[in-house]
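Structure file my_file.cif (mmCIF, C-alpha atoms) follows.
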data_final
#
loop_
_atom_site.group_PDB
_atom_site.id
_atom_site.type_symbol
_atom_site.label_atom_id
_atom_site.label_comp_id
_atom_site.auth_asym_id
_atom_site.auth_seq_id
_atom_site.Cartn_x
_atom_site.Cartn_y
_atom_site.Cartn_z
ATOM 1 C CA MET W 1 66.269 5.467 0.905
ATOM 2 C CA ARG W 2 65.792 3.441 -2.288
ATOM 3 C CA GLU W 3 66.385 5.038 -5.709
ATOM 4 C CA SER W 4 65.393 3.522 -9.038
ATOM 5 C CA LEU W 5 64.476 4.545 -12.572
ATOM 6 C CA LEU W 6 61.301 3.696 -14.487
ATOM 7 C CA VAL W 7 61.549 3.038 -18.232
ATOM 8 C CA LYS W 8 58.384 3.439 -20.315
ATOM 9 C CA ILE W 9 57.972 2.151 -23.874
ATOM 10 C CA ASP W 10 55.180 3.298 -26.218
ATOM 11 C CA ASN W 11 54.190 1.621 -29.487
ATOM 12 C CA ASP W 12 52.443 2.979 -32.587
ATOM 13 C CA ALA W 13 49.090 1.639 -31.372
ATOM 14 C CA GLY W 14 49.186 3.945 -28.373
ATOM 15 C CA ASN W 15 49.921 1.188 -25.854
ATOM 16 C CA SER W 16 52.655 1.455 -23.262
ATOM 17 C CA ALA W 17 54.462 -0.683 -20.694
ATOM 18 C CA CYS W 18 57.041 -0.007 -18.024
ATOM 19 C CA GLY W 19 60.063 -1.672 -16.480
ATOM 20 C CA GLU W 20 62.019 -0.670 -13.408
ATOM 21 C CA CYS W 21 65.791 -0.254 -13.371
ATOM 22 C CA ALA W 22 66.756 -0.909 -9.736
ATOM 23 C CA PRO W 23 70.506 -1.405 -9.228
ATOM 24 C CA TRP W 24 71.423 -2.909 -5.866
ATOM 25 C CA ALA W 25 74.888 -2.634 -4.299
ATOM 26 C CA GLY W 26 76.657 -5.952 -3.819
ATOM 27 C CA PHE W 27 75.209 -7.724 -6.856
ATOM 28 C CA GLY W 28 77.812 -6.636 -9.390
ATOM 29 C CA GLY W 29 75.630 -4.444 -11.597
ATOM 30 C CA GLU W 30 75.719 -0.761 -12.471
ATOM 31 C CA THR W 31 75.099 2.187 -10.150
ATOM 32 C CA ILE W 32 72.006 4.346 -10.406
ATOM 33 C CA ALA W 33 74.187 7.195 -11.746
ATOM 34 C CA GLN W 34 75.603 4.998 -14.537
ATOM 35 C CA ALA W 35 72.113 3.843 -15.472
ATOM 36 C CA GLU W 36 70.779 7.394 -15.578
ATOM 37 C CA ALA W 37 73.707 8.601 -17.683
ATOM 38 C CA PHE W 38 73.081 5.880 -20.271
ATOM 39 C CA LEU W 39 69.350 6.600 -20.432
ATOM 40 C CA GLU W 40 70.015 10.306 -20.942
ATOM 41 C CA LYS W 41 72.243 9.447 -23.919
ATOM 42 C CA CYS W 42 69.351 7.459 -25.436
ATOM 43 C CA GLY W 43 67.434 10.729 -25.866
ATOM 44 C CA GLY W 44 64.034 9.144 -25.332
ATOM 45 C CA LYS W 45 64.576 6.424 -27.962
ATOM 46 C CA MET W 46 64.940 2.641 -27.611
ATOM 47 C CA PRO W 47 68.670 1.819 -27.517
ATOM 48 C CA ALA W 48 69.874 -0.418 -30.330
ATOM 49 C CA GLU W 49 72.280 -2.108 -27.921
ATOM 50 C CA ILE W 50 72.740 -2.083 -24.138
ATOM 51 C CA PRO W 51 76.240 -2.699 -22.727
ATOM 52 C CA ALA W 52 76.708 -5.906 -20.742
ATOM 53 C CA ASP W 53 77.768 -3.924 -17.675
ATOM 54 C CA LEU W 54 74.278 -2.369 -17.447
ATOM 55 C CA PRO W 55 72.150 -5.445 -16.599
ATOM 56 C CA CYS W 56 69.513 -3.496 -14.656
ATOM 57 C CA VAL W 57 68.956 -1.126 -17.581
ATOM 58 C CA ALA W 58 68.701 -4.146 -19.866
ATOM 59 C CA HIS W 59 66.140 -5.703 -17.534
ATOM 60 C CA ALA W 60 63.980 -2.570 -17.524
ATOM 61 C CA PHE W 61 63.749 -2.517 -21.336
ATOM 62 C CA SER W 62 63.413 -6.298 -21.595
ATOM 63 C CA VAL W 63 60.499 -6.533 -19.142
ATOM 64 C CA ALA W 64 58.723 -3.476 -20.604
ATOM 65 C CA LYS W 65 59.006 -4.924 -24.106
ATOM 66 C CA PHE W 66 57.680 -8.296 -22.895
ATOM 67 C CA PHE W 67 54.586 -6.856 -21.208
ATOM 68 C CA LEU W 68 53.965 -4.492 -24.120
ATOM 69 C CA GLU W 69 53.862 -7.467 -26.504
ATOM 70 C CA THR W 70 51.728 -9.762 -24.327
ATOM 71 C CA SER W 71 48.476 -9.607 -22.401
ATOM 72 C CA ALA W 72 50.071 -11.139 -19.308
ATOM 73 C CA ASP W 73 48.844 -8.328 -17.045
ATOM 74 C CA GLY W 74 45.302 -9.660 -17.209
ATOM 75 C CA ASN W 75 46.392 -13.020 -15.835
ATOM 76 C CA ILE W 76 48.199 -11.880 -12.685
ATOM 77 C CA LEU W 77 47.116 -14.060 -9.799
ATOM 78 C CA ARG W 78 46.042 -12.745 -6.416
ATOM 79 C CA PRO W 79 48.211 -14.763 -4.017
ATOM 80 C CA GLU W 80 47.271 -15.459 -0.432
ATOM 81 C CA ASN W 81 49.708 -14.783 2.385
ATOM 82 C CA LYS W 82 50.716 -18.428 2.510
ATOM 83 C CA LEU W 83 52.502 -17.999 -0.849
ATOM 84 C CA CYS W 84 54.807 -15.308 0.524
ATOM 85 C CA ALA W 85 57.699 -15.415 2.953
ATOM 86 C CA LYS W 86 57.500 -12.631 5.524
ATOM 87 C CA LEU W 87 60.639 -10.597 6.217
ATOM 88 C CA ILE W 88 61.065 -10.186 9.966
ATOM 89 C CA ARG W 89 62.919 -6.978 10.690
ATOM 90 C CA ARG W 90 65.699 -7.463 13.205
ATOM 91 C CA SER W 91 68.055 -4.990 14.896
ATOM 92 C CA ARG W 92 71.099 -5.737 17.031
ATOM 93 C CA GLU W 93 68.984 -5.015 20.100
ATOM 94 C CA ASP W 94 66.354 -7.644 19.261
ATOM 95 C CA THR W 95 66.553 -10.724 21.467
ATOM 96 C CA PRO W 96 65.549 -14.174 20.180
ATOM 97 C CA ALA W 97 62.389 -13.871 22.275
ATOM 98 C CA CYS W 98 61.542 -10.563 20.557
ATOM 99 C CA VAL W 99 62.010 -12.075 17.069
ATOM 100 C CA SER W 100 60.016 -15.183 18.046
ATOM 101 C CA GLU W 101 57.186 -12.929 19.226
ATOM 102 C CA LYS W 102 57.152 -11.146 15.848
ATOM 103 C CA ILE W 103 56.977 -14.501 14.078
ATOM 104 C CA LEU W 104 54.125 -15.661 16.309
ATOM 105 C CA ARG W 105 52.116 -12.498 15.495
ATOM 106 C CA GLU W 106 52.594 -13.039 11.765
ATOM 107 C CA ARG W 107 51.622 -16.700 12.079
ATOM 108 C CA GLU W 108 48.253 -15.448 13.280
ATOM 109 C CA ASN W 109 48.057 -13.324 10.107
ATOM 110 C CA GLY W 110 48.468 -16.424 7.938
ATOM 111 C CA PHE W 111 52.198 -16.497 7.188
ATOM 112 C CA SER W 112 54.199 -19.689 7.721
ATOM 113 C CA VAL W 113 57.536 -18.940 5.999
ATOM 114 C CA PHE W 114 59.811 -16.247 7.435
ATOM 115 C CA LYS W 115 63.089 -14.614 6.485
ATOM 116 C CA VAL W 116 65.383 -13.531 9.319
ATOM 117 C CA LYS W 117 68.684 -11.703 8.809
ATOM 118 C CA ILE W 118 71.715 -13.114 10.610
ATOM 119 C CA GLY W 119 75.398 -12.204 10.684
ATOM 120 C CA LEU W 120 74.926 -9.067 12.809
ATOM 121 C CA GLU W 121 76.988 -10.262 15.794
ATOM 122 C CA THR W 122 79.857 -12.705 16.396
ATOM 123 C CA VAL W 123 79.573 -16.189 14.928
ATOM 124 C CA ALA W 124 78.982 -17.768 18.339
ATOM 125 C CA GLU W 125 76.257 -15.251 19.189
ATOM 126 C CA GLU W 126 74.531 -15.728 15.837
ATOM 127 C CA LEU W 127 74.551 -19.518 16.195
ATOM 128 C CA ARG W 128 72.993 -19.220 19.643
ATOM 129 C CA PHE W 129 70.426 -16.802 18.203
ATOM 130 C CA CYS W 130 69.431 -19.259 15.441
ATOM 131 C CA GLU W 131 69.239 -22.176 17.858
ATOM 132 C CA LYS W 132 67.025 -20.227 20.240
ATOM 133 C CA ILE W 133 64.661 -19.150 17.452
ATOM 134 C CA LEU W 134 64.324 -22.727 16.242
ATOM 135 C CA THR W 135 63.321 -23.962 19.695
ATOM 136 C CA GLU W 136 60.702 -21.240 20.209
ATOM 137 C CA VAL W 137 58.764 -21.022 16.929
ATOM 138 C CA PRO W 138 55.455 -22.923 16.589
ATOM 139 C CA ALA W 139 55.274 -26.233 14.723
ATOM 140 C CA GLY W 140 54.859 -25.807 10.979
ATOM 141 C CA THR W 141 56.990 -22.646 10.875
ATOM 142 C CA ARG W 142 59.783 -22.494 8.274
ATOM 143 C CA ILE W 143 62.698 -20.081 8.662
ATOM 144 C CA ARG W 144 65.060 -18.712 6.029
ATOM 145 C CA PHE W 145 68.169 -17.410 7.783
ATOM 146 C CA ASP W 146 69.842 -14.873 5.465
ATOM 147 C CA ALA W 147 73.532 -14.305 6.236
ATOM 148 C CA ASN W 148 74.231 -11.988 3.269
ATOM 149 C CA GLY W 149 77.731 -13.516 2.983
ATOM 150 C CA ALA W 150 78.680 -12.726 6.587
ATOM 151 C CA PHE W 151 80.398 -16.025 7.467
ATOM 152 C CA SER W 152 83.488 -18.059 6.528
ATOM 153 C CA GLU W 153 83.550 -21.713 5.478
ATOM 154 C CA GLU W 154 84.489 -22.851 9.014
ATOM 155 C CA ILE W 155 80.871 -22.272 10.073
ATOM 156 C CA LEU W 156 79.360 -24.592 7.448
ATOM 157 C CA PRO W 157 79.377 -27.699 9.718
ATOM 158 C CA GLU W 158 77.461 -25.763 12.402
ATOM 159 C CA LEU W 159 74.919 -24.573 9.867
ATOM 160 C CA ALA W 160 74.556 -28.153 8.668
ATOM 161 C CA ARG W 161 73.837 -29.213 12.248
ATOM 162 C CA LEU W 162 71.155 -26.535 12.621
ATOM 163 C CA SER W 163 69.734 -27.612 9.248
ATOM 164 C CA GLU W 164 68.572 -30.833 10.907
ATOM 165 C CA SER W 165 65.690 -28.843 12.395
ATOM 166 C CA SER W 166 62.476 -29.164 10.383
ATOM 167 C CA ALA W 167 61.931 -25.434 10.968
ATOM 168 C CA VAL W 168 64.947 -24.522 8.796
ATOM 169 C CA GLU W 169 64.028 -23.969 5.155
ATOM 170 C CA TYR W 170 67.587 -22.894 4.302
ATOM 171 C CA PHE W 171 70.574 -20.741 5.233
ATOM 172 C CA GLU W 172 70.864 -18.123 2.506
ATOM 173 C CA GLN W 173 74.240 -16.957 1.157
ATOM 174 C CA PRO W 174 76.327 -18.141 4.148
ATOM 175 C CA LEU W 175 79.613 -17.171 2.436
ATOM 176 C CA PRO W 176 80.566 -14.063 0.409
ATOM 177 C CA ALA W 177 79.770 -14.463 -3.283
ATOM 178 C CA SER W 178 82.729 -15.856 -5.252
ATOM 179 C CA GLU W 179 83.386 -18.854 -7.477
ATOM 180 C CA ARG W 180 85.464 -20.530 -4.763
ATOM 181 C CA ASN W 181 82.891 -19.957 -2.009
ATOM 182 C CA ASP W 182 79.990 -21.020 -4.221
ATOM 183 C CA ALA W 183 81.832 -24.256 -5.015
ATOM 184 C CA LYS W 184 82.282 -24.848 -1.264
ATOM 185 C CA VAL W 185 78.546 -24.410 -0.659
ATOM 186 C CA PHE W 186 77.633 -26.804 -3.490
ATOM 187 C CA GLU W 187 80.231 -29.328 -2.325
ATOM 188 C CA PHE W 188 79.143 -29.202 1.315
ATOM 189 C CA SER W 189 75.470 -29.484 0.378
ATOM 190 C CA ALA W 190 76.164 -32.540 -1.777
ATOM 191 C CA CYS W 191 77.846 -34.525 1.007
ATOM 192 C CA THR W 192 75.667 -33.462 3.977
ATOM 193 C CA ASN W 193 72.028 -32.680 4.761
ATOM 194 C CA ALA W 194 72.800 -28.962 4.945
ATOM 195 C CA LYS W 195 70.047 -26.706 3.599
ATOM 196 C CA PHE W 196 71.666 -23.839 1.724
ATOM 197 C CA ALA W 197 70.578 -21.188 -0.774
ATOM 198 C CA LEU W 198 72.557 -18.716 -2.867
ATOM 199 C CA ASP W 199 71.345 -15.180 -3.543
ATOM 200 C CA GLU W 200 74.079 -12.634 -4.271
ATOM 201 C CA SER W 201 75.815 -15.376 -6.271
ATOM 202 C CA VAL W 202 72.888 -15.738 -8.710
ATOM 203 C CA ARG W 203 73.125 -13.251 -11.586
ATOM 204 C CA GLU W 204 72.460 -15.659 -14.472
ATOM 205 C CA PRO W 205 70.008 -18.231 -13.062
ATOM 206 C CA TRP W 206 70.292 -20.571 -16.076
ATOM 207 C CA ALA W 207 73.996 -21.067 -15.154
ATOM 208 C CA PHE W 208 72.983 -22.509 -11.761
ATOM 209 C CA PRO W 209 73.798 -26.262 -11.479
ATOM 210 C CA GLN W 210 70.874 -28.474 -12.445
ATOM 211 C CA ASN W 211 71.432 -31.288 -9.985
ATOM 212 C CA THR W 212 71.901 -29.595 -6.625
ATOM 213 C CA ARG W 213 70.017 -29.327 -3.350
ATOM 214 C CA VAL W 214 71.096 -25.678 -3.061
ATOM 215 C CA VAL W 215 68.171 -23.294 -3.647
ATOM 216 C CA ALA W 216 68.553 -20.551 -6.271
ATOM 217 C CA VAL W 217 67.235 -17.228 -4.920
ATOM 218 C CA VAL W 218 66.416 -15.201 -8.032
ATOM 219 C CA LYS W 219 65.809 -11.455 -8.013
ATOM 220 C CA PRO W 220 64.085 -10.760 -11.361
ATOM 221 C CA LEU W 221 65.047 -7.078 -11.442
ATOM 222 C CA LEU W 222 68.726 -8.043 -11.513
ATOM 223 C CA VAL W 223 68.354 -10.399 -14.500
ATOM 224 C CA ALA W 224 68.982 -8.614 -17.796
ATOM 225 C CA ASP W 225 67.229 -11.048 -20.183
ATOM 226 C CA PHE W 226 63.579 -11.275 -19.047
ATOM 227 C CA PRO W 227 62.274 -13.690 -21.749
ATOM 228 C CA ARG W 228 65.188 -16.051 -21.057
ATOM 229 C CA LEU W 229 64.376 -15.889 -17.340
ATOM 230 C CA LEU W 230 60.755 -16.814 -18.119
ATOM 231 C CA ALA W 231 61.825 -19.805 -20.199
ATOM 232 C CA TRP W 232 64.138 -20.999 -17.419
ATOM 233 C CA LEU W 233 61.455 -20.605 -14.737
ATOM 234 C CA GLU W 234 58.918 -22.542 -16.783
ATOM 235 C CA ASN W 235 61.271 -25.517 -17.125
ATOM 236 C CA SER W 236 60.154 -28.303 -14.781
ATOM 237 C CA SER W 237 63.708 -29.479 -14.106
ATOM 238 C CA GLY W 238 66.536 -27.732 -12.312
ATOM 239 C CA PRO W 239 67.123 -26.473 -8.777
ATOM 240 C CA ALA W 240 64.437 -25.317 -6.362
ATOM 241 C CA VAL W 241 63.768 -21.593 -6.874
ATOM 242 C CA ALA W 242 62.715 -18.786 -4.549
ATOM 243 C CA LEU W 243 61.912 -15.527 -6.321
ATOM 244 C CA SER W 244 62.824 -12.474 -4.266
ATOM 245 C CA THR W 245 62.598 -8.693 -4.281
ATOM 246 C CA VAL W 246 65.242 -5.972 -4.200
ATOM 247 C CA PHE W 247 62.848 -3.520 -2.526
ATOM 248 C CA GLU W 248 61.544 -2.411 -5.899
ATOM 249 C CA ASN W 249 58.461 -0.219 -6.256
ATOM 250 C CA SER W 250 54.974 -1.739 -6.071
ATOM 251 C CA PHE W 251 54.679 -1.824 -9.862
ATOM 252 C CA ALA W 252 57.769 -3.996 -10.341
ATOM 253 C CA GLY W 253 56.925 -6.004 -7.230
ATOM 254 C CA THR W 254 53.641 -7.005 -8.872
ATOM 255 C CA ARG W 255 55.604 -8.193 -11.896
ATOM 256 C CA ALA W 256 57.770 -10.395 -9.644
ATOM 257 C CA LEU W 257 54.666 -11.809 -7.950
ATOM 258 C CA TYR W 258 53.261 -12.583 -11.391
ATOM 259 C CA LEU W 259 56.356 -14.643 -12.146
ATOM 260 C CA ALA W 260 56.224 -16.464 -8.816
ATOM 261 C CA CYS W 261 52.540 -17.347 -9.108
ATOM 262 C CA ALA W 262 51.997 -17.899 -12.804
ATOM 263 C CA ARG W 263 55.260 -18.816 -14.540
ATOM 264 C CA LEU W 264 57.431 -20.744 -12.075
ATOM 265 C CA ALA W 265 57.235 -24.530 -12.504
ATOM 266 C CA ALA W 266 55.294 -25.890 -9.532
ATOM 267 C CA SER W 267 57.865 -28.624 -8.967
ATOM 268 C CA ARG W 268 60.544 -26.002 -8.223
ATOM 269 C CA ALA W 269 58.543 -23.275 -6.480
ATOM 270 C CA LEU W 270 59.135 -21.929 -2.987
ATOM 271 C CA ALA W 271 57.316 -19.068 -1.267
ATOM 272 C CA PHE W 272 57.947 -15.627 -2.770
ATOM 273 C CA GLY W 273 60.555 -13.793 -0.722
ATOM 274 C CA LEU W 274 60.717 -10.185 0.443
ATOM 275 C CA GLY W 275 64.177 -8.666 0.867
#

Show how you would write the structure in this file as C-alpha cells.
Amino acid sequence: MRESLLVKIDNDAGNSACGECAPWAGFGGETIAQAEAFLEKCGGKMPAEIPADLPCVAHAFSVAKFFLETSADGNILRPENKLCAKLIRRSREDTPACVSEKILRERENGFSVFKVKIGLETVAEELRFCEKILTEVPAGTRIRFDANGAFSEEILPELARLSESSAVEYFEQPLPASERNDAKVFEFSACTNAKFALDESVREPWAFPQNTRVVAVVKPLLVADFPRLLAWLENSSGPAVALSTVFENSFAGTRALYLACARLAASRALAFGLG
C-alpha cells in the first residue's frame, strides 16, 4: 500500500498545476503524517517557508510552481520501451531460471535494461544467484542489481569481479547509506573496474562527486528544489545519471519521465528506472 499527498496550486488566471508529496522510508525525509500535519496548518494557502526536514513537501510545491509557470507539459516526449529499465519482481522462492525466464519474456516486449533486487538471502547465495543470471540472459541484456544497502564492504571485491560481465550495468547501493560507506564505494570504484551506483545515498544530487564512475540514481520526488534539479540535470558534465521512481502515482511518474527524456543531458543519461 502506497500513500502520498497531492498538492494543487491555482493562480489568478485560473490555471492550476499539481505536485506529489511521496515520502519513502529509508531516504531520510518526513513521514506522510508529518507532511499532512504541515499542509493542514497551511490552511489552503502557499506556505511562506517550508522546513528543511520536509523535503517531500518542498518538492510538491516546487514542481507544481514550475509546471504552473511553464508550458513544459506540451513538450513531454513519448518514450519507447528501450528508454526504460524494467523492474523484474523477485521473491525468495524465485530461482535464477525463473528470473531469467521473466527477463527473456520482457526482451521480446522490447526491453533491454532490467532491474533485479538482490540481498534477500545469504551473501554466498546472492552471489551465486547473480552469477547464474549473468550466464543465462541473452546477449545485449543489461542488468542493474539493486542491493538496497544489504551488504557489507567485504563483498565489494566479489561485486567487482561480477562487474567484469558486459551484462552488468551496475550494482546499486551495495552498502547501507552513510558517509563512510559512500566513501568506500567511491574509493573502490576509482581503483577497480567495479560498476556501482548509489541510490538511497543521493538526496542532493548536485553534491554528488563530479569525477566518478559511480552512477547517481536520482528520485525526483525526493529532491526538494525542483528548478535546481533541472539545472543540474541539464549540465553536460558530472556523473552518469539514472532517474528513478518511488512508486509515485501516474501523474508524478509522467513528470519524472519528462525529466528523463527531455531535460537530462544526453551525455549522462541512462535508461529511466522503475523502483

Show me a table, sorted first by chain and then by increasing residue number, of the residues of region 76-173 of chain W having an atom at most 12 Å from region 242-247 of chain W, each with its shortest atom pair and the distance in Å to one decimal, counting all atoms listed in the file and written as JSON lines.
{"residue": "W:Leu83", "atom": "CA", "partner": "W:Ala242", "partner_atom": "CA", "distance": 10.9}
{"residue": "W:Cys84", "atom": "CA", "partner": "W:Ser244", "partner_atom": "CA", "distance": 9.8}
{"residue": "W:Ala85", "atom": "CA", "partner": "W:Ser244", "partner_atom": "CA", "distance": 9.3}
{"residue": "W:Lys86", "atom": "CA", "partner": "W:Ser244", "partner_atom": "CA", "distance": 11.1}
{"residue": "W:Leu87", "atom": "CA", "partner": "W:Thr245", "partner_atom": "CA", "distance": 10.8}
{"residue": "W:Val113", "atom": "CA", "partner": "W:Ala242", "partner_atom": "CA", "distance": 11.8}
{"residue": "W:Lys115", "atom": "CA", "partner": "W:Ser244", "partner_atom": "CA", "distance": 11.0}
{"residue": "W:Arg144", "atom": "CA", "partner": "W:Ala242", "partner_atom": "CA", "distance": 10.8}
{"residue": "W:Glu169", "atom": "CA", "partner": "W:Ala242", "partner_atom": "CA", "distance": 11.1}
{"residue": "W:Tyr170", "atom": "CA", "partner": "W:Ala242", "partner_atom": "CA", "distance": 10.9}
{"residue": "W:Glu172", "atom": "CA", "partner": "W:Ala242", "partner_atom": "CA", "distance": 10.8}

* **Residue contacts of region 205-219 of chain W (7 Å, all atoms listed in the file) excluding same-chain residues fewer than 6 positions away, as a list in words** =>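 The residues satisfying every condition are Phe186, Ser189, Lys195, Phe196, Ala197, Leu198, Asp199, Trp232, Gly238, Pro239, Ala240, Val241, Ala242, Leu243, Ser244, Thr245 and Val246 of chain W.
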
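On the file presented, the PyMOL selection byres ((chain W and resi 25-33) around 9) picks out Glu3, Ser4, Leu5, Cys21, Ala22, Pro23, Trp24, Gln34, Ala35, Glu36, Ala37, Phe38, Asp53, Leu54, Pro55, Cys56, Val57, Ala177, Glu200, Ser201, Val202, Arg203 and Leu222 of chain W.
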
* On this structure, which residues satisfy the PyMOL selection byres ((chain W and resi 143) around 12), written as a VMD selection string? -> chain W and resid 85 to 88 99 to 100 103 111 to 118 130 to 131 133 to 142 144 to 146 162 to 163 165 to 172 195 to 196 271 273

* Asked: So which residues touch Pro174 (chain W) within 6 Å, counting all atoms listed in the file, skipping near sequence neighbours fewer than 5 positions away, as a PyMOL selection string?
  -> chain W and resi 147+149+151

Restrict the selected residues to C-alpha atoms and save them as an mmCIF file, in the frame of the given file.
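Now in again07.cif:
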data_model
loop_
_atom_site.group_PDB
_atom_site.id
_atom_site.type_symbol
_atom_site.label_atom_id
_atom_site.label_comp_id
_atom_site.auth_asym_id
_atom_site.auth_seq_id
_atom_site.Cartn_x
_atom_site.Cartn_y
_atom_site.Cartn_z
ATOM 1 C CA ALA W 147 73.532 -14.305 6.236
ATOM 2 C CA GLY W 149 77.731 -13.516 2.983
ATOM 3 C CA PHE W 151 80.398 -16.025 7.467
#

* In Å, with one decimal, what is the gap from CA of Leu230 (chain W) to CA of Cys42 (chain W)? -> 26.8 Å

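Atom pair CA of Pro157 (chain W) / CA of Arg268 (chain W) has a distance of 26.1 Å (rounded to one decimal).
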
* To do: Enter the distance from CA of Lys65 (chain W) to CA of Arg2 (chain W), in Å, rounded to one decimal.
  =>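 Answer for the CA of Lys65 (chain W) to CA of Arg2 (chain W) separation: 24.3 Å.
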
* Quick one: residues within 10 Å of Ala266 (chain W), only C-alpha atoms counted, chain neighbours fewer than 3 positions away excluded, as a count of residues only? -> 12

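Using all atoms listed in the file, the nearest neighbour of Pro176 (chain W) within the list W:Cys98, W:Leu221, W:Ala231, W:Ala150 is W:Ala150.
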
* Got a sec to check which residues sit within 12 Å of (76.4, -26.7, 14.0), counting only C-alpha atoms, and write them as a list in words? ->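 These residues have at least one counted atom within 12 Å: Val123, Ala124, Glu126, Leu127, Arg128, Cys130, Glu131, Glu154, Ile155, Leu156, Pro157, Glu158, Leu159, Ala160, Arg161, Leu162, Ser163, Glu164, Ser165, Asn193 and Ala194 of chain W.
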
Pull C-alpha atoms from the residues just selected and write them as a PDB file, keeping the file's coordinate frame.
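Result file follows (out00.pdb):
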ATOM      1  CA  VAL W 123      79.573 -16.189  14.928  1.00  0.00           C
ATOM      2  CA  ALA W 124      78.982 -17.768  18.339  1.00  0.00           C
ATOM      3  CA  GLU W 126      74.531 -15.728  15.837  1.00  0.00           C
ATOM      4  CA  LEU W 127      74.551 -19.518  16.195  1.00  0.00           C
ATOM      5  CA  ARG W 128      72.993 -19.220  19.643  1.00  0.00           C
ATOM      6  CA  CYS W 130      69.431 -19.259  15.441  1.00  0.00           C
ATOM      7  CA  GLU W 131      69.239 -22.176  17.858  1.00  0.00           C
ATOM      8  CA  GLU W 154      84.489 -22.851   9.014  1.00  0.00           C
ATOM      9  CA  ILE W 155      80.871 -22.272  10.073  1.00  0.00           C
ATOM     10  CA  LEU W 156      79.360 -24.592   7.448  1.00  0.00           C
ATOM     11  CA  PRO W 157      79.377 -27.699   9.718  1.00  0.00           C
ATOM     12  CA  GLU W 158      77.461 -25.763  12.402  1.00  0.00           C
ATOM     13  CA  LEU W 159      74.919 -24.573   9.867  1.00  0.00           C
ATOM     14  CA  ALA W 160      74.556 -28.153   8.668  1.00  0.00           C
ATOM     15  CA  ARG W 161      73.837 -29.213  12.248  1.00  0.00           C
ATOM     16  CA  LEU W 162      71.155 -26.535  12.621  1.00  0.00           C
ATOM     17  CA  SER W 163      69.734 -27.612   9.248  1.00  0.00           C
ATOM     18  CA  GLU W 164      68.572 -30.833  10.907  1.00  0.00           C
ATOM     19  CA  SER W 165      65.690 -28.843  12.395  1.00  0.00           C
ATOM     20  CA  ASN W 193      72.028 -32.680   4.761  1.00  0.00           C
ATOM     21  CA  ALA W 194      72.800 -28.962   4.945  1.00  0.00           C
TER      22      ALA W 194
END

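Take the candidates W:Asp225, W:Glu248, W:Glu93, W:Glu49 and check each one against Glu20 (chain W) using all atoms listed in the file; the shortest distance goes to W:Glu248.
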